[in-house]
Amino acid sequence: MSQIYEAELQTAIEAVRKASQICRSVQGRIDGEKMDKADRSPVTIADYASQAIICSTIRASFPEELIVAEEDARDLRTGECSPFLDQIVEELKAVEESPTAEQTLDWIDFGNHSGGTSRFWTLDPIDGTKGFLRKEQYAISLALIVDGEIQVAALACPNLRATDAWDNARGVIFTAVRGMGARLCPLDLPDVTPHSVRVSGTRTASAARMCESVESGHSSHDWSSRILSAIGSTSEAVRLDSQAKYGVLARGEADVYLRLPVRKDYSEKIWDHAGGVLVVEEAGGKVTDIDGNPLDFSLGTTLKSNRGVVATNGLLHDGILAAVQSSSEAPTAEA
Ligand SMILES: Nc1ncnc2c1ncn2[C@@H]1O[C@H](COP(=O)(O)O)[C@@H](OP(=O)(O)O)[C@H]1O
Ligand SMILES: [Mg+2]
Ligand SMILES: [Mg+2]
Ligand SMILES: [Mg+2]
């Protein structure tokens with residue numbers, strides 16, 4: 001079998017593994033400490049430390065690579081944030097030769113590219129920061145995009161359980177290379193042979209197990225409950241944070257993941273999806289927007305030509321899309 005993108009995959013796995021170690025250590029100690037960004041969304045020292053270590057790991061193996069990541073060091077460069085920056089540097093010492101504060105800022109800013117080029121990585125250093133702060137699910141999502149197509153993905157979910165075969169150990173990494181399938185291995189057992197993952201075989205819409213965001217501001221809970229009624233389901237959507245939703249869909253524990261727009265003026269960010277989308281597609285599933293169009297990762301930092309996301313095991317896709325459309329609601333301008 002061809003080993004295409006093998007070096008990129010190994011670098012991606014190494015990077016998300018190191019970042020997971022930092023995130024776990026911070027999550028164990030954190031007590032709601034966060035800064036609010038200009039859009040009032042939260043960011044923690046772990047988001048920054050994760051972005052720093054992943055960008056530095058990619059650049060160590062691939063010095064010319066462009067990286068489109070969620071965070072940037074602008075706020076940290078102001079004197080006001082220096083205690084925050086000192087803590088980030090402290091966290092990095094656990095996994096890397098002690099960097100200086102200046103190096104740390106530069107590593108974070110390796111992620112400032114705005115995409116749209118023929119080859120770039122996209123990174124969400126902590127996806128589901130709100131889940132991370134609640135000590136629930138979160139993910140570290142890294143993907144390589146070449147000519148608009150996601151080619152490599154590493155999605156770490158440090159609080160998601162592995163399977164019985166690995167004693168339900170906490171923490172997994174999903175990986176995928178286009179055309180080569182999706183795999184799963186425990187976060188803490190780097191030397192085991194990864195298992196293949198495959199979406200469910202559920203064919204009956206009324207039996208669909210659905211998952212969605214915990215945050216009703218990120219995906220309309222009201223709309224999804226109307227869709228469940230429309231397909232004759234009596235179950236409720238399971239709510240969890242982050243791209244862990246793509247992971248549970250890929251390994252057949254859910255059949256559908258819906259992200260239904262709440263506001264008209266919001267475009268989904270590429271780093272909120274790229275890693276998870278390739279994992280689901282390579283596990284045999286299907287991902288489109290709510291109009292049935294493929295997600296377009298070639299347009300910069302956002303999926304500006306798409307609205308919402310519908311991800312399924314493939315078998316249910318057309319039926320779920322029809323239900324989404326027949327129960328559609330006009331998103332409001334304000335959440
Ligand atoms: N109005 C909105 N609609 C959809 N997604 C939104 C949103 N506002 C913020 N988000 C994104 O939702 C992500 C979390 O998704 P989920 O709710 O599935 O856990 C956030 O990622 P971060 O936590 O990385 O900032 C953020 O980028
Ligand atoms: Mg964020
Ligand atoms: Mg995110
Ligand atoms: Mg994030």
# chains A, B, ... in the order shown; residues from 1 in each chain; ligands from 1
>>> closest_atom_pairs(of="segment 120-164 of chain A", to="segment 101-113 of chain A", cutoff="9 Å", atoms="only C-alpha atoms", output="JSON lines")
{"residue": "A:Phe120", "atom": "CA", "partner": "A:His113", "partner_atom": "CA", "distance": 8.5}
{"residue": "A:Trp121", "atom": "CA", "partner": "A:Gly111", "partner_atom": "CA", "distance": 8.8}
{"residue": "A:Thr122", "atom": "CA", "partner": "A:Gly111", "partner_atom": "CA", "distance": 8.2}
{"residue": "A:Leu123", "atom": "CA", "partner": "A:Gly111", "partner_atom": "CA", "distance": 7.8}
>>> residues_near_ligand(ligand="ligand 4", cutoff="6 Å", atoms="only C-alpha atoms and all ligand atoms", output="list of chain:residue names")
A:Asp124, A:Pro125, A:Ile126, A:Asp127, A:Thr129
>>> write_last_selection(atoms="C-alpha atoms", output="PDB file, in the first residue's frame")
ATOM      1  CA  ASP A 124      -7.966  24.085  16.267  1.00  0.00           C
ATOM      2  CA  PRO A 125      -5.699  23.854  19.330  1.00  0.00           C
ATOM      3  CA  ILE A 126      -8.710  23.264  21.586  1.00  0.00           C
ATOM      4  CA  ASP A 127     -12.048  22.785  19.907  1.00  0.00           C
ATOM      5  CA  THR A 129     -13.122  25.441  24.798  1.00  0.00           C
TER       6      THR A 129
END
>>> residues_near_ligand(ligand="ligand 2", cutoff="12 Å", atoms="only C-alpha atoms and all ligand atoms", output="ChimeraX atom specification")
/A:34-44,46-48,51,69-72,123-133,138-140,218,242,268-269,271-272
>>> write_last_selection(atoms="C-alpha atoms", output="PDB file, in the first residue's frame")
ATOM      1  CA  LYS A  34      -9.901  32.206  30.858  1.00  0.00           C
ATOM      2  CA  MET A  35      -9.477  35.382  28.871  1.00  0.00           C
ATOM      3  CA  ASP A  36     -12.243  36.646  26.654  1.00  0.00           C
ATOM      4  CA  LYS A  37     -11.318  37.379  23.055  1.00  0.00           C
ATOM      5  CA  ALA A  38     -12.674  40.364  21.134  1.00  0.00           C
ATOM      6  CA  ASP A  39     -15.693  38.249  20.061  1.00  0.00           C
ATOM      7  CA  ARG A  40     -16.240  37.443  23.781  1.00  0.00           C
ATOM      8  CA  SER A  41     -15.451  33.740  23.229  1.00  0.00           C
ATOM      9  CA  PRO A  42     -13.181  32.126  25.844  1.00  0.00           C
ATOM     10  CA  VAL A  43      -9.506  31.176  25.441  1.00  0.00           C
ATOM     11  CA  THR A  44      -7.256  29.537  28.043  1.00  0.00           C
ATOM     12  CA  ALA A  46      -4.024  25.546  27.168  1.00  0.00           C
ATOM     13  CA  ASP A  47      -5.444  26.838  23.834  1.00  0.00           C
ATOM     14  CA  TYR A  48      -2.297  28.951  23.369  1.00  0.00           C
ATOM     15  CA  GLN A  51      -1.219  25.962  19.334  1.00  0.00           C
ATOM     16  CA  ALA A  69      -4.934  28.201  13.259  1.00  0.00           C
ATOM     17  CA  GLU A  70      -7.636  29.631  15.470  1.00  0.00           C
ATOM     18  CA  GLU A  71      -5.565  31.650  17.947  1.00  0.00           C
ATOM     19  CA  ASP A  72      -2.996  34.425  17.586  1.00  0.00           C
ATOM     20  CA  LEU A 123      -5.508  23.740  13.432  1.00  0.00           C
ATOM     21  CA  ASP A 124      -7.966  24.085  16.267  1.00  0.00           C
ATOM     22  CA  PRO A 125      -5.699  23.854  19.330  1.00  0.00           C
ATOM     23  CA  ILE A 126      -8.710  23.264  21.586  1.00  0.00           C
ATOM     24  CA  ASP A 127     -12.048  22.785  19.907  1.00  0.00           C
ATOM     25  CA  GLY A 128     -14.876  23.046  22.398  1.00  0.00           C
ATOM     26  CA  THR A 129     -13.122  25.441  24.798  1.00  0.00           C
ATOM     27  CA  LYS A 130     -16.434  25.713  26.663  1.00  0.00           C
ATOM     28  CA  GLY A 131     -16.466  21.918  27.116  1.00  0.00           C
ATOM     29  CA  PHE A 132     -12.820  22.060  28.203  1.00  0.00           C
ATOM     30  CA  LEU A 133     -13.708  24.624  30.885  1.00  0.00           C
ATOM     31  CA  TYR A 138     -12.988  18.809  23.780  1.00  0.00           C
ATOM     32  CA  ALA A 139     -10.752  17.992  20.815  1.00  0.00           C
ATOM     33  CA  ILE A 140      -7.453  18.975  19.253  1.00  0.00           C
ATOM     34  CA  HIS A 218     -23.763  27.054  17.883  1.00  0.00           C
ATOM     35  CA  SER A 242     -16.296  19.704  19.961  1.00  0.00           C
ATOM     36  CA  GLU A 268     -18.305  28.114  10.066  1.00  0.00           C
ATOM     37  CA  LYS A 269     -14.520  28.133  10.624  1.00  0.00           C
ATOM     38  CA  TRP A 271     -10.601  24.436  11.789  1.00  0.00           C
ATOM     39  CA  ASP A 272     -13.908  23.511  13.452  1.00  0.00           C
TER      40      ASP A 272
END
>>> atom_distance(atom1="atom CA of Thr163 of chain A", atom2="atom CA of Val279 of chain A")
17.2 Å
>>> residues_around(residues="Ser196 of chain A", least_positions_apart="6", cutoff="12 Å", atoms="only C-alpha atoms", output="list in words")
Thr163, Ile173, Phe174, Thr175, Ala176, Met180, Gly181, Ala182, Arg183, Leu184, Cys185, Ala250, Arg251, Gly252, Val279, Val280, Glu282, Ala283 and Gly284 of chain A
>>> write_last_selection(atoms="C-alpha atoms", output="compact mmCIF listing (two decimals), in the first residue's frame")
# COMPACT_ATOMS: atom_id res chain seq x y z
CA THR A 163 -12.97 0.60 23.26
CA ILE A 173 -6.71 9.85 18.57
CA PHE A 174 -8.63 9.43 15.32
CA THR A 175 -6.47 9.61 12.20
CA ALA A 176 -7.19 9.54 8.49
CA MET A 180 -6.59 5.03 3.19
CA GLY A 181 -9.42 4.77 5.75
CA ALA A 182 -9.83 6.10 9.27
CA ARG A 183 -8.15 4.73 12.37
CA LEU A 184 -8.27 5.03 16.10
CA CYS A 185 -5.69 4.48 18.79
CA ALA A 250 -17.05 7.79 12.59
CA ARG A 251 -16.90 4.91 15.02
CA GLY A 252 -20.60 4.12 14.72
CA VAL A 279 -12.21 11.08 9.70
CA VAL A 280 -15.94 10.65 9.01
CA GLU A 282 -12.75 7.86 5.51
CA ALA A 283 -14.88 5.86 7.96
CA GLY A 284 -17.51 5.62 5.20
>>> select_by_dssp(residues="segment 44-222 of chain A", states="alpha helix (DSSP H)", output="JSON, numbers by chain")
{"A": [45, 46, 47, 48, 49, 50, 51, 52, 53, 54, 55, 56, 57, 58, 59, 60, 61, 82, 83, 84, 85, 86, 87, 88, 89, 90, 91, 92, 93, 101, 102, 103, 104, 105, 106, 107, 108, 109, 129, 130, 131, 132, 133, 221, 222]}
>>> select_by_dssp(residues="segment 218-329 of chain A", states="strand (DSSP E)", output="VMD selection string")
chain A and resid 238 to 239 256 to 259 286 to 288 309 to 312
>>> write_last_selection(atoms="N, CA and C atoms", output="PDB file, in the first residue's frame")
ATOM      1  N   VAL A 238     -28.104  13.506  21.424  1.00  0.00           N
ATOM      2  CA  VAL A 238     -27.095  13.495  22.486  1.00  0.00           C
ATOM      3  C   VAL A 238     -26.212  14.720  22.282  1.00  0.00           C
ATOM      4  N   ARG A 239     -25.970  15.475  23.352  1.00  0.00           N
ATOM      5  CA  ARG A 239     -25.195  16.712  23.218  1.00  0.00           C
ATOM      6  C   ARG A 239     -23.784  16.531  23.743  1.00  0.00           C
ATOM      7  N   VAL A 256     -25.892  10.366  13.041  1.00  0.00           N
ATOM      8  CA  VAL A 256     -26.076  11.695  12.438  1.00  0.00           C
ATOM      9  C   VAL A 256     -25.498  12.759  13.366  1.00  0.00           C
ATOM     10  N   TYR A 257     -24.802  13.735  12.782  1.00  0.00           N
ATOM     11  CA  TYR A 257     -24.379  14.932  13.529  1.00  0.00           C
ATOM     12  C   TYR A 257     -24.902  16.138  12.759  1.00  0.00           C
ATOM     13  N   LEU A 258     -25.723  16.931  13.416  1.00  0.00           N
ATOM     14  CA  LEU A 258     -26.284  18.121  12.760  1.00  0.00           C
ATOM     15  C   LEU A 258     -25.723  19.393  13.387  1.00  0.00           C
ATOM     16  N   ARG A 259     -25.411  20.356  12.534  1.00  0.00           N
ATOM     17  CA  ARG A 259     -25.014  21.696  12.989  1.00  0.00           C
ATOM     18  C   ARG A 259     -25.879  22.679  12.208  1.00  0.00           C
ATOM     19  N   LYS A 286     -20.707  10.537   5.287  1.00  0.00           N
ATOM     20  CA  LYS A 286     -20.851  11.634   4.326  1.00  0.00           C
ATOM     21  C   LYS A 286     -21.067  12.951   5.073  1.00  0.00           C
ATOM     22  N   VAL A 287     -20.463  14.033   4.547  1.00  0.00           N
ATOM     23  CA  VAL A 287     -20.615  15.349   5.169  1.00  0.00           C
ATOM     24  C   VAL A 287     -20.924  16.382   4.094  1.00  0.00           C
ATOM     25  N   THR A 288     -21.992  17.141   4.285  1.00  0.00           N
ATOM     26  CA  THR A 288     -22.324  18.254   3.385  1.00  0.00           C
ATOM     27  C   THR A 288     -22.812  19.413   4.251  1.00  0.00           C
ATOM     28  N   VAL A 309     -23.939  22.256   8.824  1.00  0.00           N
ATOM     29  CA  VAL A 309     -23.305  20.975   8.486  1.00  0.00           C
ATOM     30  C   VAL A 309     -24.280  19.831   8.759  1.00  0.00           C
ATOM     31  N   VAL A 310     -24.318  18.883   7.820  1.00  0.00           N
ATOM     32  CA  VAL A 310     -25.057  17.631   8.016  1.00  0.00           C
ATOM     33  C   VAL A 310     -24.049  16.502   7.803  1.00  0.00           C
ATOM     34  N   ALA A 311     -23.793  15.729   8.849  1.00  0.00           N
ATOM     35  CA  ALA A 311     -22.846  14.613   8.750  1.00  0.00           C
ATOM     36  C   ALA A 311     -23.592  13.339   9.135  1.00  0.00           C
ATOM     37  N   THR A 312     -23.463  12.318   8.325  1.00  0.00           N
ATOM     38  CA  THR A 312     -24.203  11.067   8.590  1.00  0.00           C
ATOM     39  C   THR A 312     -23.337   9.857   8.262  1.00  0.00           C
TER      40      THR A 312
END
>>> closest_residue(among="A:Ser235, A:Gln243, A:Asn293, A:Val248", to="ligand 3", atoms="only C-alpha atoms and all ligand atoms")
A:Gln243
>>> residues_around(residues="segment 10-14 of chain A", least_positions_apart="5", cutoff="10 Å", atoms="only C-alpha atoms", output="short mmCIF file (atom, residue, chain, number, x, y, z; two decimals) with N, CA and C atoms, in the first residue's frame")
data_model
loop_
_atom_site.label_atom_id
_atom_site.label_comp_id
_atom_site.auth_asym_id
_atom_site.auth_seq_id
_atom_site.Cartn_x
_atom_site.Cartn_y
_atom_site.Cartn_z
N TYR A 5 1.76 10.67 2.18
CA TYR A 5 1.50 11.51 3.35
C TYR A 5 1.87 10.84 4.68
N ALA A 19 0.29 18.05 22.48
CA ALA A 19 -0.69 19.07 22.88
C ALA A 19 -1.69 18.48 23.88
N SER A 20 -2.07 17.22 23.67
CA SER A 20 -3.04 16.59 24.59
C SER A 20 -2.47 16.52 26.00
N ILE A 54 2.01 22.63 18.68
CA ILE A 54 1.68 21.99 17.40
C ILE A 54 2.34 22.73 16.24
N THR A 57 6.01 21.94 16.23
CA THR A 57 6.28 20.56 15.79
C THR A 57 6.14 20.44 14.26
N ILE A 58 5.13 21.08 13.70
CA ILE A 58 4.97 21.02 12.23
C ILE A 58 6.17 21.70 11.55
N ARG A 59 6.52 22.90 12.05
CA ARG A 59 7.61 23.64 11.40
C ARG A 59 8.97 22.94 11.57
N ALA A 60 9.12 22.15 12.65
CA ALA A 60 10.39 21.43 12.83
C ALA A 60 10.55 20.38 11.73
N SER A 61 9.45 19.74 11.31
CA SER A 61 9.54 18.72 10.26
C SER A 61 9.37 19.32 8.87
N PHE A 62 8.54 20.35 8.78
CA PHE A 62 8.22 20.95 7.48
C PHE A 62 8.37 22.48 7.59
N TRP A 121 -1.93 23.73 6.49
CA TRP A 121 -2.52 22.98 7.60
C TRP A 121 -3.57 23.85 8.25
N SER A 141 -7.69 19.44 16.90
CA SER A 141 -7.97 19.02 15.53
C SER A 141 -6.96 19.63 14.56
N LEU A 142 -6.28 18.75 13.82
CA LEU A 142 -5.23 19.18 12.89
C LEU A 142 -5.46 18.48 11.56
N ALA A 143 -5.39 19.26 10.46
CA ALA A 143 -5.61 18.66 9.14
C ALA A 143 -4.73 19.34 8.11
N LEU A 144 -4.36 18.60 7.10
CA LEU A 144 -3.59 19.14 5.97
C LEU A 144 -4.52 19.22 4.77
N VAL A 152 -5.00 14.80 5.15
CA VAL A 152 -4.51 14.13 6.37
C VAL A 152 -5.24 14.74 7.57
N ALA A 153 -5.60 13.91 8.53
CA ALA A 153 -6.26 14.44 9.73
C ALA A 153 -5.77 13.70 10.97
N ALA A 154 -5.58 14.45 12.04
CA ALA A 154 -5.34 13.86 13.37
C ALA A 154 -6.24 14.61 14.34
N LEU A 155 -7.13 13.85 14.97
CA LEU A 155 -8.14 14.44 15.85
C LEU A 155 -8.01 13.77 17.22
N ALA A 156 -7.45 14.51 18.18
CA ALA A 156 -7.31 13.94 19.52
C ALA A 156 -8.52 14.33 20.36
N ILE A 173 -7.04 9.04 19.75
CA ILE A 173 -6.71 9.85 18.57
C ILE A 173 -7.32 9.16 17.35
N PHE A 174 -8.15 9.90 16.62
CA PHE A 174 -8.63 9.43 15.32
C PHE A 174 -7.66 9.97 14.27
N THR A 175 -7.33 9.13 13.29
CA THR A 175 -6.47 9.61 12.20
C THR A 175 -7.07 9.19 10.87
N LEU A 187 -4.79 7.38 23.25
CA LEU A 187 -3.85 8.49 23.38
C LEU A 187 -2.59 8.07 24.13
N PRO A 190 1.09 4.77 22.54
CA PRO A 190 1.57 5.15 21.21
C PRO A 190 2.04 3.99 20.35
#
>>> residues_around(residues="segment 166-170 of chain A", least_positions_apart="2", cutoff="9 Å", atoms="only C-alpha atoms", output="MDAnalysis selection string")
chainID A and resid 157:164 172 185:188
>>> residues_around(residues="segment 321-328 of chain A", least_positions_apart="6", cutoff="10 Å", atoms="only C-alpha atoms", output="PyMOL selection string")
chain A and resi 205+223-231+258+260+288-292+310-312
>>> closest_residue(among="A:Gly285, A:Arg263, A:Ser305, A:Val277", to="ligand 1", atoms="only C-alpha atoms and all ligand atoms")
A:Arg263
>>> residues_around(residues="Asp147 of chain A", least_positions_apart="6", cutoff="9 Å", atoms="only C-alpha atoms", output="PyMOL selection string")
chain A and resi 116-119+298
>>> atom_distance(atom1="atom CA of Ile45 of chain A", atom2="atom CA of Ala274 of chain A")
23.3 Å
>>> closest_residue(among="A:Thr301, A:Gly319, A:Ser219, A:Leu295", to="ligand 1", atoms="only C-alpha atoms and all ligand atoms")
A:Ser219
>>> closest_residue(among="A:His273, A:Lys18, A:Arg307, A:His317", to="ligand 3", atoms="only C-alpha atoms and all ligand atoms")
A:His273
>>> closest_residue(among="A:Asn313, A:Thr302, A:Gln21, A:Ser56", to="ligand 3", atoms="only C-alpha atoms and all ligand atoms")
A:Thr302
>>> decode(residues="segment 122-221 of chain A", atoms="C-alpha atoms", output="PDB file, in the first residue's frame")
ATOM      1  CA  THR A 122      -5.491  24.015   9.663  1.00  0.00           C
ATOM      2  CA  LEU A 123      -5.508  23.740  13.432  1.00  0.00           C
ATOM      3  CA  ASP A 124      -7.966  24.085  16.267  1.00  0.00           C
ATOM      4  CA  PRO A 125      -5.699  23.854  19.330  1.00  0.00           C
ATOM      5  CA  ILE A 126      -8.710  23.264  21.586  1.00  0.00           C
ATOM      6  CA  ASP A 127     -12.048  22.785  19.907  1.00  0.00           C
ATOM      7  CA  GLY A 128     -14.876  23.046  22.398  1.00  0.00           C
ATOM      8  CA  THR A 129     -13.122  25.441  24.798  1.00  0.00           C
ATOM      9  CA  LYS A 130     -16.434  25.713  26.663  1.00  0.00           C
ATOM     10  CA  GLY A 131     -16.466  21.918  27.116  1.00  0.00           C
ATOM     11  CA  PHE A 132     -12.820  22.060  28.203  1.00  0.00           C
ATOM     12  CA  LEU A 133     -13.708  24.624  30.885  1.00  0.00           C
ATOM     13  CA  ARG A 134     -16.647  22.456  32.039  1.00  0.00           C
ATOM     14  CA  LYS A 135     -14.212  19.503  32.189  1.00  0.00           C
ATOM     15  CA  GLU A 136     -16.244  17.691  29.554  1.00  0.00           C
ATOM     16  CA  GLN A 137     -15.416  16.825  25.920  1.00  0.00           C
ATOM     17  CA  TYR A 138     -12.988  18.809  23.780  1.00  0.00           C
ATOM     18  CA  ALA A 139     -10.752  17.992  20.815  1.00  0.00           C
ATOM     19  CA  ILE A 140      -7.453  18.975  19.253  1.00  0.00           C
ATOM     20  CA  SER A 141      -7.972  19.025  15.526  1.00  0.00           C
ATOM     21  CA  LEU A 142      -5.233  19.184  12.892  1.00  0.00           C
ATOM     22  CA  ALA A 143      -5.611  18.658   9.144  1.00  0.00           C
ATOM     23  CA  LEU A 144      -3.591  19.136   5.971  1.00  0.00           C
ATOM     24  CA  ILE A 145      -5.453  20.613   3.001  1.00  0.00           C
ATOM     25  CA  VAL A 146      -4.036  20.327  -0.512  1.00  0.00           C
ATOM     26  CA  ASP A 147      -5.788  21.910  -3.496  1.00  0.00           C
ATOM     27  CA  GLY A 148      -8.938  22.376  -1.432  1.00  0.00           C
ATOM     28  CA  GLU A 149      -9.111  18.733  -0.354  1.00  0.00           C
ATOM     29  CA  ILE A 150      -8.439  17.502   3.161  1.00  0.00           C
ATOM     30  CA  GLN A 151      -5.695  14.880   2.832  1.00  0.00           C
ATOM     31  CA  VAL A 152      -4.512  14.134   6.371  1.00  0.00           C
ATOM     32  CA  ALA A 153      -6.255  14.437   9.733  1.00  0.00           C
ATOM     33  CA  ALA A 154      -5.336  13.858  13.366  1.00  0.00           C
ATOM     34  CA  LEU A 155      -8.137  14.440  15.854  1.00  0.00           C
ATOM     35  CA  ALA A 156      -7.307  13.940  19.524  1.00  0.00           C
ATOM     36  CA  CYS A 157     -10.204  13.613  21.979  1.00  0.00           C
ATOM     37  CA  PRO A 158      -8.523  13.426  25.396  1.00  0.00           C
ATOM     38  CA  ASN A 159     -11.747  12.720  27.320  1.00  0.00           C
ATOM     39  CA  LEU A 160     -13.356  10.221  24.946  1.00  0.00           C
ATOM     40  CA  ARG A 161     -13.112   6.561  25.938  1.00  0.00           C
ATOM     41  CA  ALA A 162     -11.302   3.977  23.829  1.00  0.00           C
ATOM     42  CA  THR A 163     -12.971   0.598  23.264  1.00  0.00           C
ATOM     43  CA  ASP A 164     -13.088  -2.577  25.388  1.00  0.00           C
ATOM     44  CA  ALA A 165     -10.032  -3.862  23.544  1.00  0.00           C
ATOM     45  CA  TRP A 166      -8.082  -1.129  25.269  1.00  0.00           C
ATOM     46  CA  ASP A 167      -9.878  -1.370  28.628  1.00  0.00           C
ATOM     47  CA  ASN A 168     -11.952   1.713  27.809  1.00  0.00           C
ATOM     48  CA  ALA A 169      -8.884   3.855  28.466  1.00  0.00           C
ATOM     49  CA  ARG A 170      -9.658   7.561  28.506  1.00  0.00           C
ATOM     50  CA  GLY A 171      -8.366   9.513  25.492  1.00  0.00           C
ATOM     51  CA  VAL A 172      -8.183   8.586  21.819  1.00  0.00           C
ATOM     52  CA  ILE A 173      -6.714   9.851  18.565  1.00  0.00           C
ATOM     53  CA  PHE A 174      -8.632   9.430  15.321  1.00  0.00           C
ATOM     54  CA  THR A 175      -6.467   9.610  12.203  1.00  0.00           C
ATOM     55  CA  ALA A 176      -7.187   9.543   8.495  1.00  0.00           C
ATOM     56  CA  VAL A 177      -5.390   9.868   5.187  1.00  0.00           C
ATOM     57  CA  ARG A 178      -7.577  10.348   2.116  1.00  0.00           C
ATOM     58  CA  GLY A 179      -8.197   7.035   0.386  1.00  0.00           C
ATOM     59  CA  MET A 180      -6.593   5.028   3.189  1.00  0.00           C
ATOM     60  CA  GLY A 181      -9.425   4.766   5.748  1.00  0.00           C
ATOM     61  CA  ALA A 182      -9.833   6.100   9.269  1.00  0.00           C
ATOM     62  CA  ARG A 183      -8.146   4.726  12.373  1.00  0.00           C
ATOM     63  CA  LEU A 184      -8.272   5.030  16.103  1.00  0.00           C
ATOM     64  CA  CYS A 185      -5.693   4.485  18.789  1.00  0.00           C
ATOM     65  CA  PRO A 186      -5.557   5.226  22.507  1.00  0.00           C
ATOM     66  CA  LEU A 187      -3.846   8.489  23.377  1.00  0.00           C
ATOM     67  CA  ASP A 188      -1.632   6.880  26.002  1.00  0.00           C
ATOM     68  CA  LEU A 189      -0.535   3.778  24.073  1.00  0.00           C
ATOM     69  CA  PRO A 190       1.566   5.154  21.212  1.00  0.00           C
ATOM     70  CA  ASP A 191       2.926   1.758  20.206  1.00  0.00           C
ATOM     71  CA  VAL A 192      -0.285  -0.240  19.689  1.00  0.00           C
ATOM     72  CA  THR A 193      -1.572  -1.032  16.206  1.00  0.00           C
ATOM     73  CA  PRO A 194      -4.457   1.357  15.489  1.00  0.00           C
ATOM     74  CA  HIS A 195      -7.917  -0.096  14.815  1.00  0.00           C
ATOM     75  CA  SER A 196      -9.933   0.780  11.709  1.00  0.00           C
ATOM     76  CA  VAL A 197     -13.099   2.721  12.388  1.00  0.00           C
ATOM     77  CA  ARG A 198     -16.306   2.434  10.426  1.00  0.00           C
ATOM     78  CA  VAL A 199     -19.614   4.291  10.549  1.00  0.00           C
ATOM     79  CA  SER A 200     -22.805   2.496  11.632  1.00  0.00           C
ATOM     80  CA  GLY A 201     -25.028   0.468   9.313  1.00  0.00           C
ATOM     81  CA  THR A 202     -28.255   2.160  10.465  1.00  0.00           C
ATOM     82  CA  ARG A 203     -30.635   2.457   7.504  1.00  0.00           C
ATOM     83  CA  THR A 204     -33.917   3.396   9.161  1.00  0.00           C
ATOM     84  CA  ALA A 205     -34.266   7.131   9.695  1.00  0.00           C
ATOM     85  CA  SER A 206     -36.574   6.759  12.706  1.00  0.00           C
ATOM     86  CA  ALA A 207     -33.830   4.757  14.450  1.00  0.00           C
ATOM     87  CA  ALA A 208     -31.158   7.406  13.844  1.00  0.00           C
ATOM     88  CA  ARG A 209     -29.054   8.306  16.874  1.00  0.00           C
ATOM     89  CA  MET A 210     -28.324  12.003  16.562  1.00  0.00           C
ATOM     90  CA  CYS A 211     -25.685  14.178  18.183  1.00  0.00           C
ATOM     91  CA  GLU A 212     -25.354  17.945  18.327  1.00  0.00           C
ATOM     92  CA  SER A 213     -23.568  20.780  20.092  1.00  0.00           C
ATOM     93  CA  VAL A 214     -24.148  21.424  23.797  1.00  0.00           C
ATOM     94  CA  GLU A 215     -24.350  25.135  22.958  1.00  0.00           C
ATOM     95  CA  SER A 216     -27.703  26.152  21.483  1.00  0.00           C
ATOM     96  CA  GLY A 217     -25.963  29.259  20.117  1.00  0.00           C
ATOM     97  CA  HIS A 218     -23.763  27.054  17.883  1.00  0.00           C
ATOM     98  CA  SER A 219     -26.504  24.785  16.523  1.00  0.00           C
ATOM     99  CA  SER A 220     -30.266  25.164  16.848  1.00  0.00           C
ATOM    100  CA  HIS A 221     -31.650  22.640  19.341  1.00  0.00           C
TER     101      HIS A 221
END
